[in-house]
Amino acid sequence: MLHFPSANSAAHRPSPCDVARLEELLDNDVWAFSNCRVDAPGRPVAEVDWFFYNVRQGTLMVSEWKGFPQRVALATDTGTPWLLDGGLALPNPIEQVSRQLDAVRAALRGAILPQHFPAFDALQLRLMQSVYSPQVDQNT
């Protein structure tokens, strides 16, 4: 894995153990960018925890990493908050990463592809999203 951390002094730094684990799991066909700021016209600025690009498969992934103070008792796709043990309801991180992915898609289609890859069909973008939380387990 090739890791490109943000140079922005305000950006959160990924945990060295997370970076080391990703390097164990991913080969050098995967580029990982941490703490990316995405400015897309007409959309709120998106702060992306991890942006992965698989050069072999041509896929892009926006990944939100969430740490919670308790185990996640209930995690739903969209439309409802996630619930922690004890009943605390938190904003749904899948909805958050979906908004981030929309901003990435808009930036790619509106500025990056036309400028750098004008012959590429923007509808062929292979974009994915994920949410990672160590507090989600087999009982969630």
# chains A, B, ... in the order shown; residues from 1 in each chain; ligands from 1

$ select_by_dssp --residues "segment 61-137 of chain A" --states "strand (DSSP E)" --output "list in words"
Met61, Val62, Ser63, Glu64, Trp65, Val72, Ala73, Leu74, Trp82, Leu83, Leu84, Ala89, Leu90, Leu127, Met128, Gln129, Ser130, Val131 and Tyr132 of chain A

$ select_by_dssp --residues "segment 48-135 of chain A" --states "alpha helix (DSSP H)" --output "VMD selection string"
chain A and resid 93 to 107 113 to 116

$ residues_around --residues "Asp39 of chain A" --least-positions-apart "2" --cutoff "12 Å" --atoms "only C-alpha atoms" --output "VMD selection string"
chain A and resid 36 to 37 41 to 48 100 to 108 110 to 112

$ atom_distance --atom1 "atom CA of Pro91 of chain A" --atom2 "atom CA of Ala7 of chain A"
28.4 Å

$ closest_residue --among "A:Leu127, A:Met61, A:Val30, A:Leu83" --to "His3 of chain A" --atoms "only C-alpha atoms"
A:Val30

$ closest_residue --among "A:Ala89, A:Leu125, A:Pro16, A:Leu74" --to "Gln57 of chain A" --atoms "only C-alpha atoms"
A:Leu125

$ atom_distance --atom1 "atom CA of Val55 of chain A" --atom2 "atom CA of Pro5 of chain A"
18.0 Å

$ closest_residue --among "A:Ser15, A:Asn8, A:Gln115, A:Asn54" --to "Asp29 of chain A" --atoms "only C-alpha atoms"
A:Asn54

$ closest_residue --among "A:Glu95, A:Asp18, A:Asp85, A:Asp27" --to "Ser130 of chain A" --atoms "only C-alpha atoms"
A:Glu95

$ closest_residue --among "A:Asn28, A:Asn92, A:Gln129, A:Asn139" --to "Met1 of chain A" --atoms "only C-alpha atoms"
A:Asn28

$ atom_distance --atom1 "atom CA of Val38 of chain A" --atom2 "atom CA of Ala122 of chain A"
17.6 Å
